[in-house]
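Asker: Handing you a structure now.
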Amino acid sequence: MRSKRRILAGILSASVAWAGFLGAFAGPAQAATVSPVHMAAPAAQKSAAQKSAVGKWHIRNSFFGKNGEDVPLRQGDLKFGYKHIQDKHPEDDTSLIGWIDDTLEDGKYEEDEGSTVVRNRTATGKMFRVVFSEREDEASKDGRPVGIITAFLE
């Protein structure tokens with residue numbers, strides 16, 4: 001299953017890169033007029049139902065582990081993912097995403113009760129920990145693993 005994910009991730013990366021390469025040679029796009037009636041409302045005007053449309057399985061960021069593991073950061077809830085991280089260990093998004101990326105790339109990996117724990121030292125000398133699961137959950141309906149459970153400065 002891991003090798004299938006690695007192959008899919010490679011194909012996706014190559015496809016995105018190729019599309020960007022082709023876009024450099026594309027002619028100018030034609031302007032399209034949009035009726036104001038069909039335009040999306042600004043974020044401040046969206047209803048509560050529209051704002052909550054993003055469920056806990058929504059993927060906020062995608063990462064890959066040292067060995068090609070698919071490690072998505074999902075919106076989550078109070079038990080896992082972005083919501084859990086910000087509830088228990090709040091960090092600004094830029095630092096959080098950077099530390100997760102650095103830790104998955106350069107950290108020390110350990111297996112722990114069905115999850116993988118990765119630790120890495122930040123530029124300030126503090127240890128950062130990422131815990132993720134490669135377990136798939138049918139509720140996600142996207143065939144990708146649960147991903148990041150939590151991430152925080154130790």
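We name chains A, B, ... following the order of the structure tokens; residues begin at 1 in each chain, and ligands are numbered from 1 as shown.
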Within 10 Å of A:Lys56, counting only C-alpha atoms, which residues show up once you throw out same-chain ones fewer than 5 positions away? Write them as JSON, numbers by chain, please.

Answerer: {"A": [74, 75, 76, 77, 78, 80, 81, 82, 83, 139, 140]}

Asker: In Å, how far is it from atom CA of A:Pro72 to atom CA of A:Asp87?

Answerer: 18.4 Å

Asker: Need the shell around A:Glu136: protein/DNA/RNA residues with any atom at most 9 Å away, counting only C-alpha atoms. Skip same-chain ones fewer than 5 positions apart. Format as a list in words?

Answerer: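 What passes the distance filter is Gly143, Arg144, Pro145, Val146 and Gly147 of chain A.
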
Asker: May I ask for the distance between atom CA of A:Gly107 and atom CA of A:Asp70, given in Å to one decimal place?

Answerer: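 According to the coordinates, atom CA of A:Gly107 and atom CA of A:Asp70 are separated by 15.7 Å.
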
Asker: Quick one: distance from atom CA of A:Asp101 to atom CA of A:Phe63 in Å, one decimal?

Answerer: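 It comes out at 6.8 Å.
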
Asker: Using only C-alpha atoms, which residues sit within 12 Å of A:Glu154 once same-chain residues fewer than 5 positions away are excluded, as a PyMOL selection string?

Answerer: chain A and resi 89+118-122+125-130

Asker: Could you write out that same residue set with C-alpha atoms as a PDB file, in the first residue's frame?

Answerer:
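Output file result28.pdb follows:
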```pdb
ATOM      1  CA  HIS A  89      -0.502  23.695  21.410  1.00  0.00           C
ATOM      2  CA  VAL A 118       9.155  12.078  14.666  1.00  0.00           C
ATOM      3  CA  ARG A 119      11.359  14.494  16.620  1.00  0.00           C
ATOM      4  CA  ASN A 120      13.657  17.223  15.365  1.00  0.00           C
ATOM      5  CA  ARG A 121      15.454  20.204  16.880  1.00  0.00           C
ATOM      6  CA  THR A 122      14.291  23.636  15.716  1.00  0.00           C
ATOM      7  CA  GLY A 125      17.221  24.542  19.960  1.00  0.00           C
ATOM      8  CA  LYS A 126      13.802  23.346  21.107  1.00  0.00           C
ATOM      9  CA  MET A 127      12.559  19.886  20.163  1.00  0.00           C
ATOM     10  CA  PHE A 128       9.529  19.657  17.886  1.00  0.00           C
ATOM     11  CA  ARG A 129       7.413  16.510  17.743  1.00  0.00           C
ATOM     12  CA  VAL A 130       5.063  15.285  15.014  1.00  0.00           C
TER      13      VAL A 130
END
```

Asker: When distances are computed from only C-alpha atoms, which of A:Ile85, A:Leu153, A:Val131, A:Leu73 shows the smallest separation from A:Tyr109?

Answerer: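 Using only C-alpha atoms, the shortest distance to A:Tyr109 belongs to A:Val131.
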
Asker: Could you go through stretch 38-138 of chain A and tell me which residues DSSP, when run on the backbone, assigns to alpha helix (DSSP H), listing them as a PyMOL selection string?

Answerer: chain A and resi 48-51+81-88+93-106

Asker: So which one's closest to A:Gly65, A:Arg135, A:Asp142, A:Asp102, A:Glu111? Using only C-alpha atoms, please.

Answerer: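 That would be A:Asp102, the residue with the smallest distance to A:Gly65.
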
Asker: Identify, with DSSP run on backbone atoms, the residues in stretch 43-117 of chain A assigned to strand (DSSP E or B), and express the list as a list in words.

Answerer: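 Answer for stretch 43-117 of chain A, restricted to strand (DSSP E or B): Ile59, Arg60, Asn61, Ser62, Phe63, Phe64, Asp70, Val71, Pro72, Leu73, Arg74, Lys108, Tyr109, Glu110, Glu111, Asp112, Ser115, Thr116 and Val117 of chain A.
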